[in-house]
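Everything below concerns the one structure shown next.
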Amino acid sequence: MTTITKSVRLSPEESAEVAQLSEQTYMTESSLLKKWVLAGIKAQKLEMAIQQYMERKTGLRGGASLAGVSYNRFLQEVEARNIVVLEEDRFAERLEGLADMFGDADLQEAILKLNTAAQ
Amino acid sequence: MIRSASLDSSFWNIASQIGLTPYLFSYFKVYYCRAVEQEIVTTDPNETPLIYPQAMLFQVLREDGRLHRREPEKPLTIFGVGEAQAIALAREQSWVLLINDVRPLRLAQDMGIVCVAVPDFAVFLYSQRRITIAAVHGYLRRLTNTTSPALIAQAQQMITHIAQKRGETL
């Protein structure tokens, strides 16, 4: 596999921290940095996808695709952050559809009351 | 009367998590597309070997013959594959669309498709006397982290109207 070298400038203190962690984890500094970069990319993609979802620029599927994770995983992330997936608009309209479809008089009456109260 | 409905992953996942899916089959013959199935049952193998409960439930009910596979003739080319197929199937067959994701839901409603989201179905079940007032409030509570507070408030008002008419209290 072809690889490309990327360089990053660290302060002496930061560099010492990397060296210390490298020792503690028995990983080379290079492997450790690569691991963090990959984890960072993943996390950044997820946060950007979540942002897009919150701004309603994408749906759950689109978000999952942007984040590069499964639908289930993305939904889990959305739920963990208490992000709303369902807004209140046209709720009464949908219930009306259900009430009419199944001839539910109680529900029809409740919708009428709700609509009257809203006016 | 049982109505046919096209299932979207968003409805299945949320309804399964709060425990509403078994009630679906009293009212709907539920159809799913291959893309929806894939979304529901797929996990990231490199992240977790676990099977999500909603995926397990889907597999069991599919094997049990409760879920029926049907593909749309002309899938839509907008949004993700799953919702595009679920919406297209509902539109082609004039079926109900079971969906719980705001963006595609709005689109489907704009297209004139009769849509049902999870809180709608919970309120409907109470109205149909299939669940108690305590149960419907419990379902709504479990939906609060992903549902707009204004919708939850409207649903609670609706329940109060029905309960008052029946002389029920929580």
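If you're wondering about the labels, chains in the structure tokens are A, B, ... by order shown, residues count from 1 in each chain, ligands from 1 in order shown.
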Do a neighbour search on Asp104 in chain A at 12 Å with only C-alpha atoms, toss out local chain neighbours closer than 2 positions, and write the hits as number ranges by chain. A: 95-102, 106-111; B: 123-129, 162
Interface residues on chain B facing chain A, 7 Å, only C-alpha atoms, written as an MDAnalysis selection string: chainID B and resid 39:40 42:44 79:80 100:104 114:116 120 127 145:148 150:151 158 161:162
Would you list the contacts of Val41 in chain B as number ranges by chain, taking every protein, DNA or RNA residue within 9 Å and counting only C-alpha atoms, but skipping same-chain residues closer than 4 positions in sequence? A: 72; B: 36-37, 51-52, 54-56, 58-59
Filtering to N, CA and C atoms, could you give me those residues as an mmCIF file, in the first residue's frame?
data_model
loop_
_atom_site.group_PDB
_atom_site.id
_atom_site.type_symbol
_atom_site.label_atom_id
_atom_site.label_comp_id
_atom_site.auth_asym_id
_atom_site.auth_seq_id
_atom_site.Cartn_x
_atom_site.Cartn_y
_atom_site.Cartn_z
ATOM 1 N N ASN A 72 -27.720 2.546 12.060
ATOM 2 C CA ASN A 72 -27.979 2.293 13.487
ATOM 3 C C ASN A 72 -27.030 3.074 14.384
ATOM 4 N N VAL B 36 -34.068 -0.909 3.227
ATOM 5 C CA VAL B 36 -34.505 -0.648 4.602
ATOM 6 C C VAL B 36 -34.037 -1.791 5.506
ATOM 7 N N GLU B 37 -34.209 -2.994 5.024
ATOM 8 C CA GLU B 37 -33.768 -4.168 5.790
ATOM 9 C C GLU B 37 -32.266 -4.070 6.100
ATOM 10 N N ILE B 51 -25.623 -7.292 18.134
ATOM 11 C CA ILE B 51 -26.762 -7.079 17.240
ATOM 12 C C ILE B 51 -27.716 -6.160 17.983
ATOM 13 N N TYR B 52 -28.082 -5.066 17.352
ATOM 14 C CA TYR B 52 -29.009 -4.147 18.000
ATOM 15 C C TYR B 52 -30.343 -4.867 18.235
ATOM 16 N N GLN B 54 -33.332 -3.854 17.926
ATOM 17 C CA GLN B 54 -34.308 -3.611 16.848
ATOM 18 C C GLN B 54 -34.008 -4.467 15.617
ATOM 19 N N ALA B 55 -32.727 -4.770 15.413
ATOM 20 C CA ALA B 55 -32.339 -5.632 14.295
ATOM 21 C C ALA B 55 -32.757 -7.071 14.581
ATOM 22 N N MET B 56 -32.572 -7.488 15.823
ATOM 23 C CA MET B 56 -32.956 -8.851 16.225
ATOM 24 C C MET B 56 -34.464 -9.040 16.076
ATOM 25 N N PHE B 58 -36.453 -7.396 14.154
ATOM 26 C CA PHE B 58 -36.789 -7.389 12.732
ATOM 27 C C PHE B 58 -36.573 -8.787 12.139
ATOM 28 N N GLN B 59 -35.423 -9.377 12.461
ATOM 29 C CA GLN B 59 -35.105 -10.707 11.922
ATOM 30 C C GLN B 59 -36.134 -11.747 12.371
#
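Distance check against Leu67 in chain B using only C-alpha atoms: of B:Val30, B:Ala155, B:Val118, B:Ile87, the minimum falls on B:Val30.
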Env of Glu71 in chain B: 9 Å cut, atoms = only C-alpha atoms, seq-sep filter 2 positions within chain, self excluded. Answer as a list of chain:residue names. B:Tyr31, B:Tyr32, B:Cys33, B:Arg34, B:Arg69, B:Glu73, B:Lys74, B:Pro75, B:Gln85, B:Ala86, B:Ala88, B:Leu89
Can I get the selected residues back with C-alpha atoms, as a compact mmCIF listing (two decimals), in the first residue's frame?
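File again-v1.txt, as written:
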# COMPACT_ATOMS: atom_id res chain seq x y z
CA TYR B 31 -43.86 -4.12 3.81
CA TYR B 32 -40.16 -3.36 3.70
CA CYS B 33 -37.63 -2.83 0.92
CA ARG B 34 -34.25 -4.50 0.76
CA ARG B 69 -40.67 -7.70 1.26
CA GLU B 73 -40.79 -0.06 -9.35
CA LYS B 74 -39.21 3.37 -9.54
CA PRO B 75 -37.11 4.31 -6.49
CA GLN B 85 -37.34 3.27 -1.58
CA ALA B 86 -39.74 3.32 1.36
CA ALA B 88 -41.45 5.39 -3.45
CA LEU B 89 -43.16 2.16 -2.41
Selected residue of minimal separation from Glu29 in chain A among A:Thr5, A:Gln44, A:Thr116, A:Ser15, counting only C-alpha atoms: A:Ser15
Based on the backbone DSSP call, show me all residues of chain B assigned strand (DSSP E), as a ChimeraX atom specification. /B:3-7,28-32,67-69,96-98,115-116
Hey, can you spit out that residue selection with C-alpha atoms as a PDB file, in the first residue's frame?
ATOM      1  CA  ARG B   3     -54.015  -1.419   5.913  1.00  0.00           C
ATOM      2  CA  SER B   4     -50.822  -1.905   3.967  1.00  0.00           C
ATOM      3  CA  ALA B   5     -47.848   0.175   5.009  1.00  0.00           C
ATOM      4  CA  SER B   6     -44.341   0.807   3.762  1.00  0.00           C
ATOM      5  CA  LEU B   7     -41.787   0.730   6.552  1.00  0.00           C
ATOM      6  CA  PHE B  28     -50.972  -2.742   9.235  1.00  0.00           C
ATOM      7  CA  LYS B  29     -49.606  -5.312   6.861  1.00  0.00           C
ATOM      8  CA  VAL B  30     -46.018  -4.143   6.947  1.00  0.00           C
ATOM      9  CA  TYR B  31     -43.856  -4.125   3.811  1.00  0.00           C
ATOM     10  CA  TYR B  32     -40.160  -3.362   3.703  1.00  0.00           C
ATOM     11  CA  LEU B  67     -42.887  -8.550   7.597  1.00  0.00           C
ATOM     12  CA  HIS B  68     -43.257  -8.660   3.828  1.00  0.00           C
ATOM     13  CA  ARG B  69     -40.672  -7.700   1.264  1.00  0.00           C
ATOM     14  CA  VAL B  96     -49.289   4.397   4.497  1.00  0.00           C
ATOM     15  CA  LEU B  97     -45.682   5.329   5.205  1.00  0.00           C
ATOM     16  CA  LEU B  98     -44.315   4.487   8.655  1.00  0.00           C
ATOM     17  CA  CYS B 115     -47.573   9.173   7.059  1.00  0.00           C
ATOM     18  CA  VAL B 116     -47.515   7.807  10.569  1.00  0.00           C
TER      19      VAL B 116
END
Residues of range 81-116 of chain A classed as helix (DSSP H, G or I) by DSSP on the backbone are to be reported as a PyMOL selection string. chain A and resi 91-101+105-116
For the selection just defined, write its residues with N, CA and C atoms to a file, as an mmCIF file, in the first residue's frame.
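As written to disk, out.cif reads:
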data_model
loop_
_atom_site.group_PDB
_atom_site.id
_atom_site.type_symbol
_atom_site.label_atom_id
_atom_site.label_comp_id
_atom_site.auth_asym_id
_atom_site.auth_seq_id
_atom_site.Cartn_x
_atom_site.Cartn_y
_atom_site.Cartn_z
ATOM 1 N N PHE A 91 -48.367 17.338 12.921
ATOM 2 C CA PHE A 91 -48.691 16.207 13.793
ATOM 3 C C PHE A 91 -50.197 15.919 13.735
ATOM 4 N N ALA A 92 -50.994 16.991 13.889
ATOM 5 C CA ALA A 92 -52.449 16.830 13.879
ATOM 6 C C ALA A 92 -52.931 16.281 12.536
ATOM 7 N N GLU A 93 -52.267 16.720 11.477
ATOM 8 C CA GLU A 93 -52.640 16.251 10.126
ATOM 9 C C GLU A 93 -52.421 14.731 10.005
ATOM 10 N N ARG A 94 -51.313 14.272 10.558
ATOM 11 C CA ARG A 94 -51.029 12.824 10.490
ATOM 12 C C ARG A 94 -52.035 12.039 11.329
ATOM 13 N N LEU A 95 -52.344 12.595 12.521
ATOM 14 C CA LEU A 95 -53.311 11.895 13.379
ATOM 15 C C LEU A 95 -54.689 11.853 12.726
ATOM 16 N N GLU A 96 -55.008 12.919 12.026
ATOM 17 C CA GLU A 96 -56.285 12.988 11.320
ATOM 18 C C GLU A 96 -56.350 11.870 10.272
ATOM 19 N N GLY A 97 -55.225 11.671 9.609
ATOM 20 C CA GLY A 97 -55.141 10.600 8.618
ATOM 21 C C GLY A 97 -55.407 9.246 9.252
ATOM 22 N N LEU A 98 -54.810 9.022 10.412
ATOM 23 C CA LEU A 98 -55.008 7.749 11.123
ATOM 24 C C LEU A 98 -56.465 7.594 11.576
ATOM 25 N N ALA A 99 -56.998 8.689 12.147
ATOM 26 C CA ALA A 99 -58.371 8.657 12.653
ATOM 27 C C ALA A 99 -59.361 8.360 11.529
ATOM 28 N N ASP A 100 -59.161 9.000 10.385
ATOM 29 C CA ASP A 100 -60.060 8.789 9.245
ATOM 30 C C ASP A 100 -59.927 7.364 8.695
ATOM 31 N N MET A 101 -58.697 6.904 8.598
ATOM 32 C CA MET A 101 -58.420 5.584 8.034
ATOM 33 C C MET A 101 -59.109 4.470 8.825
ATOM 34 N N ALA A 105 -63.580 7.828 16.089
ATOM 35 C CA ALA A 105 -64.346 9.034 16.423
ATOM 36 C C ALA A 105 -63.735 9.801 17.601
ATOM 37 N N ASP A 106 -63.235 9.086 18.598
ATOM 38 C CA ASP A 106 -62.641 9.760 19.777
ATOM 39 C C ASP A 106 -61.444 10.611 19.356
ATOM 40 N N LEU A 107 -60.644 10.028 18.482
ATOM 41 C CA LEU A 107 -59.446 10.739 18.030
ATOM 42 C C LEU A 107 -59.827 11.940 17.156
ATOM 43 N N GLN A 108 -60.827 11.744 16.308
ATOM 44 C CA GLN A 108 -61.285 12.847 15.450
ATOM 45 C C GLN A 108 -61.752 14.025 16.302
ATOM 46 N N GLU A 109 -62.483 13.702 17.363
ATOM 47 C CA GLU A 109 -63.003 14.742 18.253
ATOM 48 C C GLU A 109 -61.863 15.466 18.975
ATOM 49 N N ALA A 110 -60.870 14.672 19.424
ATOM 50 C CA ALA A 110 -59.715 15.261 20.137
ATOM 51 C C ALA A 110 -58.920 16.185 19.209
ATOM 52 N N ILE A 111 -58.792 15.793 17.966
ATOM 53 C CA ILE A 111 -58.057 16.634 16.991
ATOM 54 C C ILE A 111 -58.813 17.946 16.776
ATOM 55 N N LEU A 112 -60.113 17.828 16.659
ATOM 56 C CA LEU A 112 -60.956 19.012 16.460
ATOM 57 C C LEU A 112 -60.782 19.980 17.629
ATOM 58 N N LYS A 113 -60.781 19.433 18.856
ATOM 59 C CA LYS A 113 -60.613 20.265 20.050
ATOM 60 C C LYS A 113 -59.239 20.930 20.053
ATOM 61 N N LEU A 114 -58.227 20.160 19.678
ATOM 62 C CA LEU A 114 -56.862 20.686 19.663
ATOM 63 C C LEU A 114 -56.744 21.805 18.630
ATOM 64 N N ASN A 115 -57.340 21.582 17.460
ATOM 65 C CA ASN A 115 -57.285 22.593 16.402
ATOM 66 C C ASN A 115 -58.045 23.853 16.799
ATOM 67 N N THR A 116 -59.200 23.667 17.477
ATOM 68 C CA THR A 116 -59.994 24.811 17.910
ATOM 69 C C THR A 116 -59.213 25.612 18.970
#
